[in-house]
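Trainee: The following file, my_file-v6.pdb, comprises PDB, C-alpha atoms:
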ATOM      1  CA  MET U  14      45.011  46.982 115.799
ATOM      2  CA  CYS U  15      44.108  50.684 115.429
ATOM      3  CA  TYR U  16      42.070  50.016 112.280
ATOM      4  CA  GLY U  17      39.876  47.400 113.942
ATOM      5  CA  ARG U  18      39.466  49.072 117.339
ATOM      6  CA  LEU U  19      39.694  52.797 116.568
ATOM      7  CA  GLY U  20      38.888  53.067 112.880
ATOM      8  CA  HIS U  21      35.317  54.228 113.508
ATOM      9  CA  LEU U  22      36.631  57.280 115.389
ATOM     10  CA  PHE U  23      38.630  58.707 112.476
ATOM     11  CA  PRO U  24      37.545  59.541 108.917
ATOM     12  CA  TYR U  25      40.909  58.306 107.627
ATOM     13  CA  LEU U  26      43.825  56.366 109.048
ATOM     14  CA  PRO U  27      46.881  56.062 106.785
ATOM     15  CA  ARG U  28      48.310  52.641 106.123
ATOM     16  CA  GLN U  29      51.975  51.985 106.780
ATOM     17  CA  PRO U  30      53.301  53.498 103.502
ATOM     18  CA  GLY U  31      51.159  56.605 104.001
ATOM     19  CA  TYR U  32      52.284  56.946 107.595
ATOM     20  CA  HIS U  33      55.968  56.838 106.674
ATOM     21  CA  LYS U  34      55.379  59.318 103.850
ATOM     22  CA  ARG U  35      53.831  61.757 106.330
ATOM     23  CA  LEU U  36      56.567  61.095 108.871
ATOM     24  CA  LYS U  37      59.288  62.032 106.386
ATOM     25  CA  ALA U  38      57.415  65.172 105.378
ATOM     26  CA  ALA U  39      57.055  66.154 109.044
ATOM     27  CA  ALA U  40      60.746  65.623 109.913
ATOM     28  CA  PRO U  41      61.620  69.365 109.968
ATOM     29  CA  LEU U  42      58.646  69.957 112.274
ATOM     30  CA  LEU U  43      59.808  67.138 114.576
ATOM     31  CA  ALA U  44      63.262  68.728 114.713
ATOM     32  CA  ALA U  45      61.722  72.114 115.552
ATOM     33  CA  VAL U  46      59.657  70.616 118.386
ATOM     34  CA  LEU U  47      62.754  68.814 119.681
ATOM     35  CA  ASP U  48      64.662  72.113 119.789
ATOM     36  CA  HIS U  49      61.723  73.856 121.492
ATOM     37  CA  LEU U  50      61.475  71.225 124.245
ATOM     38  CA  ALA U  51      65.219  71.398 124.847
ATOM     39  CA  ARG U  52      65.068  75.170 125.312
ATOM     40  CA  GLN U  53      62.098  74.878 127.672
ATOM     41  CA  SER U  54      63.835  72.324 129.890
ATOM     42  CA  PRO U  55      65.674  73.571 133.023
ATOM     43  CA  SER U  56      68.720  71.544 131.945
ATOM     44  CA  TRP U  57      69.178  73.953 129.010
ATOM     45  CA  HIS U  58      70.765  76.337 131.518
ATOM     46  CA  ASP U  59      73.087  73.717 133.006
ATOM     47  CA  PRO U  60      76.787  74.644 132.671
ATOM     48  CA  VAL U  61      77.690  71.156 131.414
ATOM     49  CA  ARG U  62      77.243  69.537 127.991
ATOM     50  CA  LEU U  63      78.001  65.955 126.997
ATOM     51  CA  ILE U  64      79.200  64.954 123.522
ATOM     52  CA  ASP U  65      79.416  61.465 122.075
ATOM     53  CA  ALA U  66      79.180  59.485 118.852
ATOM     54  CA  THR U  67      77.402  56.147 118.467
ATOM     55  CA  PRO U  68      76.931  53.798 115.474
ATOM     56  CA  VAL U  69      73.678  53.762 113.496
ATOM     57  CA  PRO U  70      73.724  50.533 111.434
ATOM     58  CA  CYS U  71      71.789  50.748 108.158
ATOM     59  CA  GLY U  72      72.296  47.341 106.578
ATOM     60  CA  ALA U  73      73.508  43.851 107.418
ATOM     61  CA  SER U  74      74.038  42.196 104.032
ATOM     62  CA  ARG U  75      76.275  42.780 101.018
ATOM     63  CA  GLU U  76      73.207  43.043  98.785
ATOM     64  CA  THR U  77      71.759  45.810 100.961
ATOM     65  CA  VAL U  78      75.042  47.705 100.845
ATOM     66  CA  ARG U  79      75.228  47.374  97.074
ATOM     67  CA  ARG U  80      71.660  48.449  96.323
ATOM     68  CA  SER U  81      70.934  50.891  99.145
ATOM     69  CA  GLU U  82      70.035  54.510  98.413
ATOM     70  CA  LEU U  83      72.422  55.372 101.233
ATOM     71  CA  ALA U  84      75.440  54.337  99.168
ATOM     72  CA  GLY U  85      77.906  57.205  99.089
ATOM     73  CA  TRP U  86      76.770  58.516 102.478
ATOM     74  CA  ALA U  87      76.849  55.398 104.643
ATOM     75  CA  HIS U  88      80.082  53.393 104.873
ATOM     76  CA  TYR U  89      81.733  50.732 106.982
ATOM     77  CA  GLY U  90      82.813  51.816 110.433
ATOM     78  CA  TYR U  91      84.193  50.133 113.525
ATOM     79  CA  CYS U  92      82.346  50.070 116.846
ATOM     80  CA  ALA U  93      84.994  49.767 119.566
ATOM     81  CA  ALA U  94      82.387  49.282 122.302
ATOM     82  CA  HIS U  95      81.212  46.010 120.721
ATOM     83  CA  SER U  96      84.411  45.166 118.788
ATOM     84  CA  ARG U  97      82.562  44.858 115.497
ATOM     85  CA  TRP U  98      82.305  46.404 112.063
ATOM     86  CA  TYR U  99      79.031  47.792 110.783
ATOM     87  CA  TRP U 100      77.712  49.478 107.654
ATOM     88  CA  GLY U 101      75.823  52.673 108.228
ATOM     89  CA  LEU U 102      76.217  56.104 109.784
ATOM     90  CA  LYS U 103      77.322  57.653 113.040
ATOM     91  CA  LEU U 104      75.107  59.736 115.304
ATOM     92  CA  TYR U 105      76.880  62.656 116.962
ATOM     93  CA  LEU U 106      74.933  63.970 119.907
ATOM     94  CA  ILE U 107      75.374  66.904 122.278
ATOM     95  CA  THR U 108      73.147  66.697 125.344
ATOM     96  CA  ALA U 109      72.564  68.288 128.708
ATOM     97  CA  PRO U 110      73.536  66.113 131.719
ATOM     98  CA  ASP U 111      69.986  64.728 131.945
ATOM     99  CA  GLY U 112      70.213  63.464 128.355
ATOM    100  CA  MET U 113      68.190  66.262 126.719
ATOM    101  CA  PRO U 114      69.446  66.555 123.109
ATOM    102  CA  VAL U 115      70.557  70.095 122.241
ATOM    103  CA  ALA U 116      72.334  69.405 118.927
ATOM    104  CA  TRP U 117      72.939  66.371 116.742
ATOM    105  CA  CYS U 118      73.918  65.191 113.280
ATOM    106  CA  LEU U 119      74.463  62.041 111.238
ATOM    107  CA  ALA U 120      77.810  61.529 109.528
ATOM    108  CA  ASP U 121      79.880  59.088 107.509
ATOM    109  CA  PRO U 122      81.671  56.835 110.043
ATOM    110  CA  LYS U 123      84.876  57.193 108.006
ATOM    111  CA  THR U 124      85.011  60.907 108.765
ATOM    112  CA  GLY U 125      87.156  61.777 111.790
ATOM    113  CA  GLU U 126      85.292  62.343 115.030
ATOM    114  CA  ARG U 127      86.979  65.663 115.751
ATOM    115  CA  GLU U 128      86.175  66.960 112.265
ATOM    116  CA  VAL U 129      82.474  66.143 112.613
ATOM    117  CA  ALA U 130      82.374  67.369 116.210
ATOM    118  CA  ALA U 131      83.892  70.708 115.179
ATOM    119  CA  ALA U 132      81.200  71.202 112.527
ATOM    120  CA  LEU U 133      78.434  70.206 114.963
ATOM    121  CA  LEU U 134      79.758  72.533 117.651
ATOM    122  CA  ALA U 135      79.884  75.383 115.150
ATOM    123  CA  HIS U 136      76.251  74.732 114.227
ATOM    124  CA  ALA U 137      75.258  74.544 117.909
ATOM    125  CA  ALA U 138      77.025  77.831 118.628
ATOM    126  CA  ARG U 139      75.243  79.561 115.721
ATOM    127  CA  THR U 140      71.845  78.409 116.966
ATOM    128  CA  GLY U 141      72.519  79.320 120.603
ATOM    129  CA  ALA U 142      72.681  75.709 121.837
ATOM    130  CA  LEU U 143      76.206  76.395 123.099
ATOM    131  CA  ARG U 144      77.455  79.450 124.914
ATOM    132  CA  PRO U 145      80.915  80.474 126.098
ATOM    133  CA  GLY U 146      81.892  79.173 129.513
ATOM    134  CA  LEU U 147      80.234  75.752 129.235
ATOM    135  CA  ILE U 148      82.057  72.566 130.202
ATOM    136  CA  LEU U 149      82.057  69.953 127.423
ATOM    137  CA  ILE U 150      82.608  66.327 128.477
ATOM    138  CA  GLY U 151      83.675  63.779 125.866
ATOM    139  CA  ASP U 152      85.793  60.665 125.446
ATOM    140  CA  LYS U 153      89.351  60.013 124.253
ATOM    141  CA  GLY U 154      88.254  60.239 120.625
ATOM    142  CA  PHE U 155      88.148  64.010 121.016
ATOM    143  CA  ALA U 156      91.764  64.248 122.165
ATOM    144  CA  GLY U 157      94.092  66.578 120.305
ATOM    145  CA  GLN U 158      95.640  69.963 120.962
ATOM    146  CA  ASP U 159      94.226  71.526 117.792
ATOM    147  CA  PHE U 160      90.722  70.430 118.758
ATOM    148  CA  GLU U 161      91.085  71.749 122.302
ATOM    149  CA  ASP U 162      92.454  75.046 120.977
ATOM    150  CA  LEU U 163      89.404  75.285 118.710
ATOM    151  CA  LEU U 164      87.018  74.700 121.599
ATOM    152  CA  THR U 165      88.766  77.221 123.820
ATOM    153  CA  GLY U 166      89.508  79.898 121.239
ATOM    154  CA  ASP U 167      86.464  79.775 118.939
ATOM    155  CA  PHE U 168      83.705  78.602 121.266
ATOM    156  CA  GLY U 169      84.954  79.497 124.744
ATOM    157  CA  LEU U 170      84.368  75.943 125.998
ATOM    158  CA  HIS U 171      86.352  73.903 128.501
ATOM    159  CA  LEU U 172      86.866  70.278 127.438
ATOM    160  CA  ILE U 173      87.028  67.482 129.987
ATOM    161  CA  ARG U 174      87.896  64.006 128.739
ATOM    162  CA  PRO U 175      89.726  60.906 130.024
ATOM    163  CA  ASP U 176      93.509  61.250 130.039
ATOM    164  CA  ARG U 177      95.499  59.287 127.516
ATOM    165  CA  ARG U 178      98.424  57.169 128.675
ATOM    166  CA  ASP U 179     100.965  59.425 126.987
ATOM    167  CA  GLU U 180      99.649  62.595 128.666
ATOM    168  CA  VAL U 181     100.287  64.350 131.947
ATOM    169  CA  LEU U 182      97.567  63.510 134.462
ATOM    170  CA  ARG U 183      94.781  66.110 134.313
ATOM    171  CA  HIS U 184      91.325  64.583 134.834
ATOM    172  CA  GLY U 185      91.968  60.872 135.323
ATOM    173  CA  SER U 186      89.577  58.280 133.912
ATOM    174  CA  ILE U 187      86.347  60.250 134.724
ATOM    175  CA  GLY U 188      84.501  56.969 134.289
ATOM    176  CA  TRP U 189      81.722  58.082 136.637
ATOM    177  CA  ILE U 190      81.028  61.067 134.371
ATOM    178  CA  ARG U 191      81.365  59.025 131.184
ATOM    179  CA  GLN U 192      78.612  56.805 132.543
ATOM    180  CA  TRP U 193      76.172  59.684 131.959
ATOM    181  CA  ILE U 194      76.952  59.592 128.252
ATOM    182  CA  GLU U 195      76.833  55.809 127.980
ATOM    183  CA  SER U 196      73.452  55.743 129.724
ATOM    184  CA  VAL U 197      72.009  58.188 127.154
ATOM    185  CA  ASP U 198      73.161  55.880 124.351
ATOM    186  CA  ASP U 199      71.684  52.917 126.223
ATOM    187  CA  THR U 200      68.298  54.649 126.430
ATOM    188  CA  LEU U 201      68.291  55.362 122.697
ATOM    189  CA  LYS U 202      69.343  51.836 121.766
ATOM    190  CA  GLY U 203      67.649  49.741 124.423
ATOM    191  CA  GLN U 204      64.299  51.497 124.802
ATOM    192  CA  LEU U 205      63.910  53.567 121.636
ATOM    193  CA  ASP U 206      65.386  51.049 119.141
ATOM    194  CA  LEU U 207      67.940  53.429 117.644
ATOM    195  CA  GLU U 208      69.742  50.612 115.825
ATOM    196  CA  ARG U 209      66.458  49.182 114.492
ATOM    197  CA  HIS U 210      65.258  52.417 112.945
ATOM    198  CA  GLY U 211      64.207  50.767 109.669
ATOM    199  CA  GLY U 212      65.218  53.732 107.470
ATOM    200  CA  ARG U 213      66.298  52.943 103.914
ATOM    201  CA  THR U 214      66.741  56.415 102.446
ATOM    202  CA  PRO U 215      68.476  59.579 103.695
ATOM    203  CA  ALA U 216      65.111  61.259 104.312
ATOM    204  CA  GLY U 217      63.733  58.166 106.023
ATOM    205  CA  ILE U 218      66.700  57.793 108.376
ATOM    206  CA  TYR U 219      66.661  61.495 109.240
ATOM    207  CA  ALA U 220      62.969  61.320 110.123
ATOM    208  CA  ARG U 221      63.279  58.153 112.206
ATOM    209  CA  ILE U 222      66.320  59.320 114.164
ATOM    210  CA  THR U 223      64.590  62.660 114.816
ATOM    211  CA  GLN U 224      61.525  60.736 115.947
ATOM    212  CA  ARG U 225      63.519  58.796 118.544
ATOM    213  CA  LEU U 226      65.381  61.823 119.825
ATOM    214  CA  LEU U 227      62.090  63.682 120.138
ATOM    215  CA  ALA U 228      60.567  60.795 122.112
ATOM    216  CA  MET U 229      63.443  60.962 124.606
ATOM    217  CA  ALA U 230      63.267  64.775 124.770
ATOM    218  CA  ALA U 231      59.507  64.678 125.382
ATOM    219  CA  ALA U 232      59.976  62.200 128.234
ATOM    220  CA  ILE U 233      62.684  64.338 129.845
ATOM    221  CA  TRP U 234      60.641  67.530 129.481
ATOM    222  CA  HIS U 235      57.565  65.783 130.916
ATOM    223  CA  ASN U 236      59.532  64.404 133.869
ATOM    224  CA  TRP U 237      60.823  67.887 134.655
ATOM    225  CA  ALA U 238      57.281  69.285 134.435
ATOM    226  CA  THR U 239      55.843  66.613 136.741
ATOM    227  CA  GLY U 240      58.745  66.597 139.226
ATOM    228  CA  GLU U 241      59.900  63.042 138.572
ATOM    229  CA  PRO U 242      63.208  62.292 140.303
ATOM    230  CA  VAL U 243      64.767  60.520 137.295
ATOM    231  CA  LYS U 244      64.506  62.881 134.354
ATOM    232  CA  ARG U 245      65.334  60.403 131.583
ATOM    233  CA  SER U 246      63.016  57.700 132.879
ATOM    234  CA  LEU U 247      60.874  56.136 130.157
ATOM    235  CA  ILE U 248      58.828  53.961 132.521
ATOM    236  CA  GLY U 249      55.604  55.388 131.112
ATOM    237  CA  TYR U 250      56.799  54.616 127.586
ATOM    238  CA  ASP U 251      57.751  51.074 128.586
ATOM    239  CA  HIS U 252      54.391  50.459 130.260
ATOM    240  CA  ARG U 253      52.556  51.678 127.160
ATOM    241  CA  THR U 254      54.703  49.530 124.892
ATOM    242  CA  HIS U 255      54.242  46.424 127.041
ATOM    243  CA  LYS U 256      50.498  47.043 127.288
ATOM    244  CA  GLU U 257      50.194  47.357 123.500
ATOM    245  CA  SER U 258      52.210  44.147 123.046
ATOM    246  CA  PHE U 259      49.902  42.379 125.513
ATOM    247  CA  ILE U 260      46.802  43.624 123.682
ATOM    248  CA  GLN U 261      48.243  42.564 120.331
ATOM    249  CA  ARG U 262      49.047  39.100 121.672
ATOM    250  CA  GLY U 263      45.575  38.879 123.142
ATOM    251  CA  SER U 264      43.976  39.898 119.842
ATOM    252  CA  ALA U 265      46.020  37.302 117.987
ATOM    253  CA  SER U 266      44.916  34.636 120.452
ATOM    254  CA  ASP U 267      41.282  35.657 119.996
ATOM    255  CA  ARG U 268      41.625  35.323 116.229
ATOM    256  CA  ARG U 269      43.218  31.904 116.566
ATOM    257  CA  GLY U 270      40.478  30.899 118.973
TER     258      GLY U 270
END
Re-express the file's structure as C-alpha cells.
Mentor:
Amino acid sequence: MCYGRLGHLFPYLPRQPGYHKRLKAAAPLLAAVLDHLARQSPSWHDPVRLIDATPVPCGASRETVRRSELAGWAHYGYCAAHSRWYWGLKLYLITAPDGMPVAWCLADPKTGEREVAAALLAHAARTGALRPGLILIGDKGFAGQDFEDLLTGDFGLHLIRPDRRDEVLRHGSIGWIRQWIESVDDTLKGQLDLERHGGRTPAGIYARITQRLLAMAAAIWHNWATGEPVKRSLIGYDHRTHKESFIQRGSASDRRG
C-alpha cells in the first residue's frame, strides 16, 4: 500500500527484504531506545519489579527444526500455561508494574529458569536496571533457597512468589499480583504478535523481539506523558492497525472492482 499511495513522497522505499535487512542492522539502536524510554518513565523509580518467562515458538514442523539456523540455540520446551510442547526459545522479562521492560533476554527453554534469571538479574544490576531494596515478584518457577539467598545476598532484593504446598505459609497465592505479569504477556502475544514474530535467524529474532518490546515501551512512555489512566493501553495502536486493515481491504476491493 505504501508504494502506491506514498511512493511519490520518498526517493526510495525498501522492499520487504531490504526492510528486514535494515531492521536487523538497527537492532542495537532499538535496544538502546528501549532502555532510554524505560529510564525516562516514572515507573523506573517504582520499588517493585516483575519477572517472568514466556515461550517464543520459532517453528512448527520437523523440517523447520531440522533446517533452521536456530538449531543449537532453540530447543523443545514445555508451556505449562497451554499444556503443550513447542520448539523455540524462552523470553525472560523484568518489568516495572506498568509493564515497562527494564531488562530481558532470550534463552534455550531447556536451561533452568533460575539459572537464566540469575544471569539476567546480574546483567540488570550491572546496568543499573536493578537496585538494592527492590521487591521482585515472580512465580513458583523461581522457588529455591539458593536462588533466594542469591537475590538477597548479591542483589539486595526481596523475592515475593506464590507459596508451594510443601512450604510454610508466607505470601499465599498472590494471584492478584501475578495477574500483572500475565497481562504483560497477554499484551505482547495478543496485540504485538510475540509468537508470530517471523524470525528465522538469531539476528532476525533478536531484532523482532526488540521491536515488539520497544512498541510496548513507547506506548507506556507515551501514556505516562499524556496522562492516560491505563499506562499499558495500546488502543491507539489497535485503532491504527484496524484502520490499515480496513484500507487494505478497501484497496483490494477496488482492484477487484
Trainee: Name every residue that the PyMOL selection byres ((chain U and resi 227) around 9) selects in this structure, writing the answer as an MDAnalysis selection string with chains first and numbers rising.
Mentor: chainID U and resid 43:44 46:48 50 114 222:226 228:232
Trainee: Set the distance at 12 Å and use only C-alpha atoms: which residues neighbour Asp111 in chain U once local chain neighbours fewer than 6 positions away are removed? I'd like the list as a ChimeraX atom specification.
Mentor: /U:51,54-59,61-63,190,192-197,200,229-230,232-234,236-237,242-246
Trainee: Extract, using only C-alpha atoms, all DNA, RNA and protein residues at most 10 Å from Asp198 in chain U, discarding same-chain residues fewer than 4 positions from it, and format them as a ChimeraX atom specification.
Mentor: /U:65-68,106,112,192-194,202-205,207
Trainee: Extract, using only C-alpha atoms, all DNA, RNA and protein residues at most 12 Å from Leu149 in chain U, discarding same-chain residues fewer than 5 positions from it, and format them as JSON, numbers by chain.
Mentor: {"U": [59, 60, 61, 62, 63, 64, 65, 106, 107, 108, 109, 110, 130, 134, 143, 144, 155, 161, 164, 165, 168, 169, 170, 171, 172, 173, 174, 190, 191, 194]}
Trainee: For range 146-154 of chain U, take all atoms listed in the file, fit an axis-aligned box around them, add 3 Å to each of the six sides, then output centre and edge lengths in Å rounded to one decimal, as AutoDock Vina command-line options.
Mentor:
--center_x 84.8 --center_y 69.6 --center_z 125.4 --size_x 15.1 --size_y 25.2 --size_z 15.6
Trainee: Can you tell me how far CA of Pro175 in chain U sits from CA of Met113 in chain U, in Å to one decimal?
Mentor: 22.4 Å
Trainee: Report the residues retrieved by the PyMOL selection byres ((chain U and resi 75) around 12) from the displayed file, expressed as an NGL selection string.
Mentor: :U and (71-74 or 76-81 or 84 or 88-89 or 99-100)
Trainee: My list of candidates is U:Gln53, U:Lys34, U:His21, U:Pro70. Which is closest to Asp206 in chain U when distances are computed with all atoms listed in the file?
Mentor: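 Under the stated criterion, the closest residue is U:Pro70.
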Trainee: In terms of the shortest atom-to-atom distance over all atoms listed in the file, which of U:Ala238, U:Cys118, U:Ala87, U:Ala45 is closest to Tyr219 in chain U?
Mentor: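 For Tyr219 in chain U, the nearest of the given residues is U:Cys118.
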Trainee: Please report the interatomic distance between CA of Ala40 in chain U and CA of Arg221 in chain U in Å with one decimal.
Mentor: 8.2 Å
Trainee: Would you write out, as a compact mmCIF listing (two decimals) with C-alpha atoms, in the coordinates of the input, every residue that the PyMOL selection byres ((chain U and resi 126) around 12) captures in this file?
Mentor:
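Wrote it out as result-v2.txt, contents follow:
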# COMPACT_ATOMS: atom_id res chain seq x y z
CA ILE U 64 79.20 64.95 123.52
CA ASP U 65 79.42 61.46 122.08
CA ALA U 66 79.18 59.48 118.85
CA THR U 67 77.40 56.15 118.47
CA PRO U 68 76.93 53.80 115.47
CA GLY U 90 82.81 51.82 110.43
CA LYS U 103 77.32 57.65 113.04
CA LEU U 104 75.11 59.74 115.30
CA TYR U 105 76.88 62.66 116.96
CA LEU U 106 74.93 63.97 119.91
CA CYS U 118 73.92 65.19 113.28
CA LEU U 119 74.46 62.04 111.24
CA ALA U 120 77.81 61.53 109.53
CA ASP U 121 79.88 59.09 107.51
CA PRO U 122 81.67 56.84 110.04
CA LYS U 123 84.88 57.19 108.01
CA THR U 124 85.01 60.91 108.76
CA GLY U 125 87.16 61.78 111.79
CA ARG U 127 86.98 65.66 115.75
CA GLU U 128 86.18 66.96 112.26
CA VAL U 129 82.47 66.14 112.61
CA ALA U 130 82.37 67.37 116.21
CA ALA U 131 83.89 70.71 115.18
CA ALA U 132 81.20 71.20 112.53
CA LEU U 133 78.43 70.21 114.96
CA LEU U 134 79.76 72.53 117.65
CA GLY U 151 83.68 63.78 125.87
CA ASP U 152 85.79 60.66 125.45
CA LYS U 153 89.35 60.01 124.25
CA GLY U 154 88.25 60.24 120.62
CA PHE U 155 88.15 64.01 121.02
CA ALA U 156 91.76 64.25 122.16
CA GLY U 157 94.09 66.58 120.30
CA PHE U 160 90.72 70.43 118.76
Trainee: Could you tell me how far CA of Val115 in chain U lies from CA of Ala39 in chain U, in Å and to one decimal?
Mentor: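 Value for the CA of Val115 in chain U-CA of Ala39 in chain U distance: 19.3 Å.
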